[in-house]
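Trainee: Below are the structure tokens for one structure; questions will follow.
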Amino acid sequence: MGNLRNRLLKILLVLLALGAALFGGCILYLAITDPIKSPYGWYFYPILLAISLSAVPFFTGLFYGYRFLCQTDSTAQKTEPVVQTLRKIKICAISYGILFLLVIPFWIGLAEADDAPGAMFFGLLPICWAVLSYLWSYRYKNRLLKTSA
């Protein structure tokens with residue numbers, strides 16, 4: 001059962017990476033071919049820059065998540081490599097969250113310019129994703145260290 005679950009999680013990680021790459025590519029293509037007019041351009045381009053920069057820790061975190069699943073899939077599970085992988089996932093989540101935290105003022109300005117106060121919450125979704133990733137890796141690392149001790 002655990003082997004099947006790991007295989008499904010690996011497939012989901014690959015599909016998530018492909019979907020994120022396709023979505024990011026489409027957004028970049030649209031931003032290049034059809035420039036945003038004022039007043040939205042002042043807010044949109046810093047957000048687009050943060051999304052582009054956050055792709056590095058996002059895909060790095062997905063890579064280490066895949067590595068984590070491969071490490072836990074093996075029968076002779078060693079604790080130290082798994083803990084190191086979880087630490088790297090945690091660092092990726094922190095850097096991803098910080099990038100989007102720096103963009104919150106631009107999300108607020110875009111929401112005010114468009115007169116859409118609900119749009120501010122879309123800027124908080126990546127931060128929530130980063131916090132959940134951090135908490136998951138922290139919890140699993142502690143559980144792993146308790147069982148190995």
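In the structure tokens, the first chain shown is A, the next is B, and so on; residue numbers restart at 1 for each chain, and ligands run from 1 in the order shown.
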Write out as a PyMOL selection string each polymer residue whose atoms come within 12 Å of Phe23 of chain A, counting only C-alpha atoms; drop sequence neighbours fewer than 6 positions from it.
Mentor: chain A and resi 16-17+29-30+51-52+55
Trainee: Using only C-alpha atoms, please write the residues we just selected to a file, as a PDB file, in the first residue's frame.
Mentor:
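This is the output file out_10.pdb:
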```
ATOM      1  CA  LEU A  16       2.096  19.641 -10.542  1.00  0.00           C
ATOM      2  CA  ALA A  17       5.480  20.607 -11.966  1.00  0.00           C
ATOM      3  CA  TYR A  29       4.158  34.737 -23.104  1.00  0.00           C
ATOM      4  CA  LEU A  30       1.069  36.902 -22.608  1.00  0.00           C
ATOM      5  CA  ILE A  51       6.397  34.789  -9.698  1.00  0.00           C
ATOM      6  CA  SER A  52       9.277  34.209 -12.084  1.00  0.00           C
ATOM      7  CA  ALA A  55       9.850  29.366  -9.743  1.00  0.00           C
TER       8      ALA A  55
END
```
Trainee: Might you pull out every residue within 10 Å of segment 101-117 of chain A, with only C-alpha atoms counted and same-chain residues fewer than 6 positions away left off, and present them as a ChimeraX atom specification?
Mentor: /A:38-51,95,123-124,126-127
Trainee: Next, dump the selected residues to file, keeping only all heavy atoms, as a short mmCIF file (atom, residue, chain, number, x, y, z; two decimals), in the first residue's frame.
Mentor:
```cif
data_model
loop_
_atom_site.label_atom_id
_atom_site.label_comp_id
_atom_site.auth_asym_id
_atom_site.auth_seq_id
_atom_site.Cartn_x
_atom_site.Cartn_y
_atom_site.Cartn_z
N SER A 38 -1.16 51.24 -18.20
CA SER A 38 -1.26 51.93 -16.91
C SER A 38 -2.68 51.85 -16.40
O SER A 38 -3.60 51.80 -17.19
CB SER A 38 -0.91 53.41 -17.08
OG SER A 38 0.43 53.62 -17.04
N PRO A 39 -2.94 51.89 -15.16
CA PRO A 39 -2.08 51.89 -13.98
C PRO A 39 -1.69 50.50 -13.52
O PRO A 39 -0.97 50.34 -12.55
CB PRO A 39 -2.97 52.54 -12.93
CG PRO A 39 -4.34 52.08 -13.28
CD PRO A 39 -4.34 52.01 -14.79
N TYR A 40 -2.15 49.47 -14.23
CA TYR A 40 -1.91 48.10 -13.78
C TYR A 40 -0.47 47.65 -13.99
O TYR A 40 0.01 46.77 -13.28
CB TYR A 40 -2.85 47.13 -14.51
CG TYR A 40 -4.29 47.46 -14.32
CD1 TYR A 40 -5.07 47.88 -15.38
CD2 TYR A 40 -4.88 47.37 -13.07
CE1 TYR A 40 -6.41 48.20 -15.21
CE2 TYR A 40 -6.21 47.67 -12.88
CZ TYR A 40 -6.97 48.09 -13.96
OH TYR A 40 -8.28 48.40 -13.77
N GLY A 41 0.23 48.22 -14.94
CA GLY A 41 1.60 47.83 -15.22
C GLY A 41 2.54 48.05 -14.05
O GLY A 41 3.46 47.28 -13.82
N TRP A 42 2.31 49.13 -13.29
CA TRP A 42 3.15 49.41 -12.13
C TRP A 42 3.03 48.34 -11.07
O TRP A 42 3.94 48.15 -10.27
CB TRP A 42 2.78 50.76 -11.52
CG TRP A 42 3.18 51.91 -12.39
CD1 TRP A 42 2.36 52.61 -13.23
CD2 TRP A 42 4.46 52.47 -12.53
NE1 TRP A 42 3.07 53.58 -13.88
CE2 TRP A 42 4.38 53.52 -13.46
CE3 TRP A 42 5.70 52.19 -11.96
CZ2 TRP A 42 5.48 54.27 -13.82
CZ3 TRP A 42 6.79 52.95 -12.32
CH2 TRP A 42 6.66 53.98 -13.23
N TYR A 43 1.91 47.65 -11.03
CA TYR A 43 1.70 46.61 -10.03
C TYR A 43 1.94 45.22 -10.61
O TYR A 43 2.41 44.32 -9.91
CB TYR A 43 0.27 46.68 -9.49
CG TYR A 43 -0.07 48.02 -8.91
CD1 TYR A 43 -1.02 48.84 -9.50
CD2 TYR A 43 0.57 48.48 -7.76
CE1 TYR A 43 -1.32 50.08 -8.97
CE2 TYR A 43 0.27 49.71 -7.23
CZ TYR A 43 -0.68 50.51 -7.83
OH TYR A 43 -0.97 51.72 -7.31
N PHE A 44 1.61 45.04 -11.88
CA PHE A 44 1.66 43.72 -12.47
C PHE A 44 3.09 43.23 -12.68
O PHE A 44 3.40 42.06 -12.43
CB PHE A 44 0.90 43.71 -13.80
CG PHE A 44 0.91 42.39 -14.49
CD1 PHE A 44 0.14 41.35 -14.00
CD2 PHE A 44 1.68 42.19 -15.62
CE1 PHE A 44 0.14 40.12 -14.63
CE2 PHE A 44 1.68 40.97 -16.25
CZ PHE A 44 0.91 39.93 -15.76
N TYR A 45 3.98 44.09 -13.15
CA TYR A 45 5.33 43.64 -13.47
C TYR A 45 6.16 43.23 -12.25
O TYR A 45 6.90 42.25 -12.32
CB TYR A 45 6.04 44.67 -14.34
CG TYR A 45 5.47 44.70 -15.73
CD1 TYR A 45 4.81 45.81 -16.22
CD2 TYR A 45 5.55 43.58 -16.55
CE1 TYR A 45 4.27 45.82 -17.49
CE2 TYR A 45 5.01 43.57 -17.82
CZ TYR A 45 4.37 44.69 -18.28
OH TYR A 45 3.82 44.69 -19.54
N PRO A 46 6.08 43.92 -11.11
CA PRO A 46 6.78 43.37 -9.93
C PRO A 46 6.19 42.03 -9.47
O PRO A 46 6.94 41.16 -9.02
CB PRO A 46 6.58 44.45 -8.86
CG PRO A 46 6.33 45.69 -9.61
CD PRO A 46 5.61 45.29 -10.85
N ILE A 47 4.88 41.87 -9.61
CA ILE A 47 4.27 40.58 -9.25
C ILE A 47 4.76 39.50 -10.20
O ILE A 47 5.09 38.39 -9.78
CB ILE A 47 2.73 40.70 -9.26
CG1 ILE A 47 2.26 41.62 -8.14
CG2 ILE A 47 2.08 39.33 -9.13
CD1 ILE A 47 0.80 41.98 -8.22
N LEU A 48 4.82 39.82 -11.48
CA LEU A 48 5.31 38.86 -12.47
C LEU A 48 6.77 38.51 -12.21
O LEU A 48 7.18 37.35 -12.36
CB LEU A 48 5.13 39.42 -13.88
CG LEU A 48 5.51 38.50 -15.02
CD1 LEU A 48 4.59 37.29 -15.04
CD2 LEU A 48 5.43 39.25 -16.33
N LEU A 49 7.57 39.48 -11.81
CA LEU A 49 8.97 39.23 -11.48
C LEU A 49 9.09 38.29 -10.28
O LEU A 49 9.90 37.36 -10.28
CB LEU A 49 9.70 40.55 -11.21
CG LEU A 49 11.16 40.43 -10.81
CD1 LEU A 49 11.98 39.92 -11.98
CD2 LEU A 49 11.68 41.76 -10.32
N ALA A 50 8.27 38.52 -9.26
CA ALA A 50 8.30 37.65 -8.08
C ALA A 50 7.85 36.24 -8.43
O ALA A 50 8.41 35.26 -7.92
CB ALA A 50 7.43 38.23 -6.97
N ILE A 51 6.85 36.12 -9.29
CA ILE A 51 6.40 34.79 -9.70
C ILE A 51 7.50 34.08 -10.46
O ILE A 51 7.75 32.89 -10.26
CB ILE A 51 5.11 34.90 -10.53
CG1 ILE A 51 3.94 35.32 -9.64
CG2 ILE A 51 4.78 33.59 -11.22
CD1 ILE A 51 2.67 35.65 -10.40
N SER A 95 12.06 30.46 1.38
CA SER A 95 12.43 31.44 0.35
C SER A 95 11.25 31.74 -0.57
O SER A 95 11.05 32.89 -0.99
CB SER A 95 13.63 30.95 -0.45
OG SER A 95 13.35 29.71 -1.05
N GLY A 123 -2.96 36.97 -3.37
CA GLY A 123 -1.57 37.15 -3.03
C GLY A 123 -1.17 36.39 -1.78
O GLY A 123 0.01 36.09 -1.57
N LEU A 124 -2.14 36.07 -0.94
CA LEU A 124 -1.85 35.33 0.29
C LEU A 124 -1.81 33.82 0.07
O LEU A 124 -1.25 33.10 0.90
CB LEU A 124 -2.90 35.66 1.35
CG LEU A 124 -2.92 37.10 1.83
CD1 LEU A 124 -4.07 37.31 2.80
CD2 LEU A 124 -1.61 37.47 2.47
N PRO A 126 -0.05 31.86 -2.09
CA PRO A 126 1.29 31.25 -2.11
C PRO A 126 1.97 31.28 -0.74
O PRO A 126 2.73 30.37 -0.41
CB PRO A 126 2.07 32.10 -3.11
CG PRO A 126 1.05 32.77 -3.93
CD PRO A 126 -0.15 32.94 -3.06
N ILE A 127 1.68 32.28 0.05
CA ILE A 127 2.27 32.34 1.39
C ILE A 127 1.70 31.22 2.25
O ILE A 127 2.43 30.57 3.00
CB ILE A 127 2.04 33.73 2.02
CG1 ILE A 127 2.78 34.79 1.20
CG2 ILE A 127 2.50 33.76 3.47
CD1 ILE A 127 2.46 36.19 1.57
#
```
Trainee: Skip Lys141 of chain A itself and residues of its chain fewer than 6 positions away, then list as a PyMOL selection string all residues within 9 Å of it, counting only C-alpha atoms.
Mentor: chain A and resi 82-83+86-87
Trainee: May I ask for the distance between atom CA of Trp136 of chain A and atom CA of Met120 of chain A, given in Å to one decimal place?
Mentor: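 Atom CA of Met120 of chain A lies 25.3 Å from atom CA of Trp136 of chain A.
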Trainee: Smallest atom-to-atom distance to Glu80 of chain A: which of A:Ile36, A:Leu4, A:Ala20, A:Phe68, using only C-alpha atoms?
Mentor: A:Phe68
Trainee: Got a sec: who's within 12 Å of Leu135 of chain A, counting only C-alpha atoms, leaving out chain neighbours fewer than 2 positions off, as a PyMOL selection string?
Mentor: chain A and resi 86-87+89-91+93-94+128-133+137-142
Trainee: Let's have the selection written as a short mmCIF file (atom, residue, chain, number, x, y, z; two decimals), in the first residue's frame, with all heavy atoms.
Mentor:
```
data_model
loop_
_atom_site.label_atom_id
_atom_site.label_comp_id
_atom_site.auth_asym_id
_atom_site.auth_seq_id
_atom_site.Cartn_x
_atom_site.Cartn_y
_atom_site.Cartn_z
N LEU A 86 14.53 16.93 3.91
CA LEU A 86 13.45 17.72 4.51
C LEU A 86 13.92 19.12 4.88
O LEU A 86 13.15 20.08 4.77
CB LEU A 86 12.90 16.99 5.73
CG LEU A 86 12.05 15.76 5.42
CD1 LEU A 86 11.72 15.00 6.70
CD2 LEU A 86 10.78 16.17 4.72
N ARG A 87 15.16 19.27 5.30
CA ARG A 87 15.69 20.61 5.59
C ARG A 87 15.74 21.45 4.32
O ARG A 87 15.44 22.65 4.34
CB ARG A 87 17.07 20.50 6.22
CG ARG A 87 17.04 20.08 7.65
CD ARG A 87 18.41 20.10 8.27
NE ARG A 87 18.32 19.58 9.63
CZ ARG A 87 19.22 18.82 10.20
NH1 ARG A 87 20.31 18.49 9.54
NH2 ARG A 87 19.06 18.38 11.43
N ILE A 89 13.81 21.10 1.70
CA ILE A 89 12.42 21.45 1.37
C ILE A 89 11.96 22.63 2.22
O ILE A 89 11.30 23.55 1.73
CB ILE A 89 11.49 20.23 1.56
CG1 ILE A 89 11.80 19.17 0.50
CG2 ILE A 89 10.02 20.64 1.49
CD1 ILE A 89 11.07 17.87 0.72
N LYS A 90 12.35 22.62 3.48
CA LYS A 90 11.98 23.71 4.39
C LYS A 90 12.61 25.03 3.95
O LYS A 90 11.95 26.08 3.96
CB LYS A 90 12.41 23.34 5.81
CG LYS A 90 11.84 24.22 6.87
CD LYS A 90 11.99 23.65 8.26
CE LYS A 90 13.38 23.24 8.60
NZ LYS A 90 13.56 22.93 10.02
N ILE A 91 13.86 25.00 3.51
CA ILE A 91 14.53 26.21 3.03
C ILE A 91 13.85 26.74 1.77
O ILE A 91 13.65 27.94 1.60
CB ILE A 91 16.03 25.94 2.79
CG1 ILE A 91 16.73 25.75 4.14
CG2 ILE A 91 16.68 27.06 2.01
CD1 ILE A 91 18.13 25.24 4.03
N ALA A 93 10.70 26.31 0.97
CA ALA A 93 9.41 26.88 1.37
C ALA A 93 9.59 28.27 1.98
O ALA A 93 8.79 29.17 1.72
CB ALA A 93 8.71 25.94 2.36
N ILE A 94 10.63 28.44 2.77
CA ILE A 94 10.87 29.76 3.39
C ILE A 94 11.19 30.80 2.32
O ILE A 94 10.64 31.90 2.33
CB ILE A 94 12.00 29.66 4.43
CG1 ILE A 94 11.53 28.88 5.65
CG2 ILE A 94 12.48 31.04 4.84
CD1 ILE A 94 12.64 28.53 6.62
N CYS A 128 0.41 30.97 2.13
CA CYS A 128 -0.21 29.86 2.86
C CYS A 128 0.39 28.53 2.41
O CYS A 128 0.64 27.64 3.23
CB CYS A 128 -1.71 29.86 2.66
SG CYS A 128 -2.55 31.26 3.39
N TRP A 129 0.63 28.39 1.11
CA TRP A 129 1.26 27.18 0.58
C TRP A 129 2.66 26.99 1.18
O TRP A 129 3.04 25.88 1.56
CB TRP A 129 1.33 27.26 -0.94
CG TRP A 129 2.05 26.14 -1.58
CD1 TRP A 129 3.35 26.11 -1.94
CD2 TRP A 129 1.50 24.87 -1.94
NE1 TRP A 129 3.65 24.91 -2.51
CE2 TRP A 129 2.54 24.13 -2.52
CE3 TRP A 129 0.25 24.31 -1.84
CZ2 TRP A 129 2.36 22.84 -3.00
CZ3 TRP A 129 0.08 23.02 -2.32
CH2 TRP A 129 1.11 22.31 -2.88
N ALA A 130 3.41 28.06 1.28
CA ALA A 130 4.76 27.99 1.84
C ALA A 130 4.74 27.62 3.31
O ALA A 130 5.54 26.80 3.77
CB ALA A 130 5.49 29.31 1.63
N VAL A 131 3.81 28.20 4.06
CA VAL A 131 3.70 27.89 5.49
C VAL A 131 3.30 26.44 5.69
O VAL A 131 3.86 25.74 6.55
CB VAL A 131 2.70 28.86 6.17
CG1 VAL A 131 2.36 28.39 7.56
CG2 VAL A 131 3.28 30.26 6.21
N LEU A 132 2.36 25.95 4.90
CA LEU A 132 1.96 24.54 5.02
C LEU A 132 3.10 23.60 4.66
O LEU A 132 3.28 22.57 5.31
CB LEU A 132 0.73 24.27 4.15
CG LEU A 132 -0.58 24.86 4.65
CD1 LEU A 132 -1.69 24.61 3.63
CD2 LEU A 132 -0.96 24.25 5.98
N SER A 133 3.88 23.92 3.65
CA SER A 133 5.03 23.09 3.28
C SER A 133 6.06 23.08 4.40
O SER A 133 6.63 22.04 4.72
CB SER A 133 5.68 23.61 2.00
OG SER A 133 4.79 23.56 0.94
N SER A 137 7.09 19.68 6.56
CA SER A 137 8.46 19.16 6.62
C SER A 137 8.99 19.17 8.06
O SER A 137 9.68 18.24 8.46
CB SER A 137 9.38 19.95 5.70
OG SER A 137 9.49 21.28 6.13
N TYR A 138 8.62 20.17 8.83
CA TYR A 138 9.04 20.24 10.23
C TYR A 138 8.43 19.09 11.02
O TYR A 138 9.11 18.42 11.80
CB TYR A 138 8.64 21.59 10.82
CG TYR A 138 9.03 21.77 12.26
CD1 TYR A 138 10.35 22.06 12.60
CD2 TYR A 138 8.09 21.65 13.28
CE1 TYR A 138 10.71 22.22 13.91
CE2 TYR A 138 8.46 21.81 14.60
CZ TYR A 138 9.76 22.10 14.91
OH TYR A 138 10.13 22.25 16.22
N ARG A 139 7.15 18.85 10.82
CA ARG A 139 6.46 17.78 11.55
C ARG A 139 7.01 16.41 11.18
O ARG A 139 7.26 15.57 12.04
CB ARG A 139 4.97 17.85 11.27
CG ARG A 139 4.17 16.93 12.16
CD ARG A 139 2.72 16.94 11.81
NE ARG A 139 2.44 15.59 11.38
CZ ARG A 139 1.52 15.23 10.53
NH1 ARG A 139 0.77 16.13 9.98
NH2 ARG A 139 1.34 13.99 10.21
N TYR A 140 7.22 16.19 9.89
CA TYR A 140 7.70 14.88 9.47
C TYR A 140 9.13 14.65 9.92
O TYR A 140 9.50 13.55 10.30
CB TYR A 140 7.60 14.74 7.95
CG TYR A 140 7.71 13.32 7.51
CD1 TYR A 140 6.60 12.50 7.49
CD2 TYR A 140 8.94 12.78 7.14
CE1 TYR A 140 6.70 11.17 7.10
CE2 TYR A 140 9.04 11.46 6.76
CZ TYR A 140 7.92 10.66 6.74
OH TYR A 140 8.03 9.36 6.36
N LYS A 141 9.95 15.71 9.90
CA LYS A 141 11.33 15.59 10.36
C LYS A 141 11.38 15.23 11.84
O LYS A 141 12.13 14.35 12.26
CB LYS A 141 12.10 16.87 10.10
CG LYS A 141 13.57 16.78 10.50
CD LYS A 141 14.26 18.09 10.29
CE LYS A 141 13.83 19.02 11.38
NZ LYS A 141 14.60 20.20 11.58
N ASN A 142 10.55 15.88 12.64
CA ASN A 142 10.51 15.57 14.07
C ASN A 142 10.01 14.16 14.31
O ASN A 142 10.54 13.45 15.17
CB ASN A 142 9.62 16.57 14.82
CG ASN A 142 10.31 17.89 15.00
OD1 ASN A 142 11.52 18.00 14.85
ND2 ASN A 142 9.55 18.93 15.31
#
```
Trainee: With only C-alpha atoms as the counted atoms, please give the residues lying no more than 8 Å from Thr85 of chain A, apart from itself and same-chain residues fewer than 6 positions off, as a list of chain:residue names.
Mentor: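 The filter keeps A:Tyr64, A:Gly65, A:Arg67, A:Phe68.
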Trainee: For the selection just defined, write its residues with all heavy atoms to a file, as an mmCIF file, in the first residue's frame.
Mentor:
```cif
data_model
loop_
_atom_site.group_PDB
_atom_site.id
_atom_site.type_symbol
_atom_site.label_atom_id
_atom_site.label_comp_id
_atom_site.auth_asym_id
_atom_site.auth_seq_id
_atom_site.Cartn_x
_atom_site.Cartn_y
_atom_site.Cartn_z
ATOM 1 N N TYR A 64 13.200 18.132 -4.519
ATOM 2 C CA TYR A 64 13.542 17.506 -3.248
ATOM 3 C C TYR A 64 12.368 16.709 -2.682
ATOM 4 O O TYR A 64 12.567 15.739 -1.964
ATOM 5 C CB TYR A 64 14.047 18.543 -2.247
ATOM 6 C CG TYR A 64 15.463 18.961 -2.531
ATOM 7 C CD1 TYR A 64 15.758 20.265 -2.871
ATOM 8 C CD2 TYR A 64 16.497 18.042 -2.504
ATOM 9 C CE1 TYR A 64 17.053 20.649 -3.160
ATOM 10 C CE2 TYR A 64 17.790 18.411 -2.793
ATOM 11 C CZ TYR A 64 18.061 19.712 -3.117
ATOM 12 O OH TYR A 64 19.340 20.075 -3.409
ATOM 13 N N GLY A 65 11.153 17.120 -2.986
ATOM 14 C CA GLY A 65 10.000 16.310 -2.596
ATOM 15 C C GLY A 65 9.992 14.975 -3.311
ATOM 16 O O GLY A 65 9.690 13.936 -2.715
ATOM 17 N N ARG A 67 12.687 13.517 -4.463
ATOM 18 C CA ARG A 67 13.805 12.780 -3.865
ATOM 19 C C ARG A 67 13.406 12.194 -2.514
ATOM 20 O O ARG A 67 13.781 11.063 -2.188
ATOM 21 C CB ARG A 67 15.001 13.703 -3.702
ATOM 22 C CG ARG A 67 16.203 12.995 -3.109
ATOM 23 C CD ARG A 67 17.308 13.938 -2.820
ATOM 24 N NE ARG A 67 18.100 14.121 -4.021
ATOM 25 C CZ ARG A 67 19.211 14.844 -4.049
ATOM 26 N NH1 ARG A 67 19.621 15.473 -2.975
ATOM 27 N NH2 ARG A 67 19.902 14.957 -5.159
ATOM 28 N N PHE A 68 12.650 12.956 -1.746
ATOM 29 C CA PHE A 68 12.170 12.471 -0.450
ATOM 30 C C PHE A 68 11.301 11.227 -0.625
ATOM 31 O O PHE A 68 11.447 10.247 0.106
ATOM 32 C CB PHE A 68 11.380 13.584 0.260
ATOM 33 C CG PHE A 68 10.632 13.125 1.460
ATOM 34 C CD1 PHE A 68 11.290 12.883 2.646
ATOM 35 C CD2 PHE A 68 9.263 12.939 1.416
ATOM 36 C CE1 PHE A 68 10.601 12.456 3.761
ATOM 37 C CE2 PHE A 68 8.567 12.520 2.511
ATOM 38 C CZ PHE A 68 9.238 12.275 3.702
#
```
Trainee: My list of candidates is A:Leu62, A:Leu99, A:Tyr134, A:Pro57. Which is closest to Leu18 of chain A when distances are computed with only C-alpha atoms?
Mentor: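 Under the stated criterion, the closest residue is A:Leu62.
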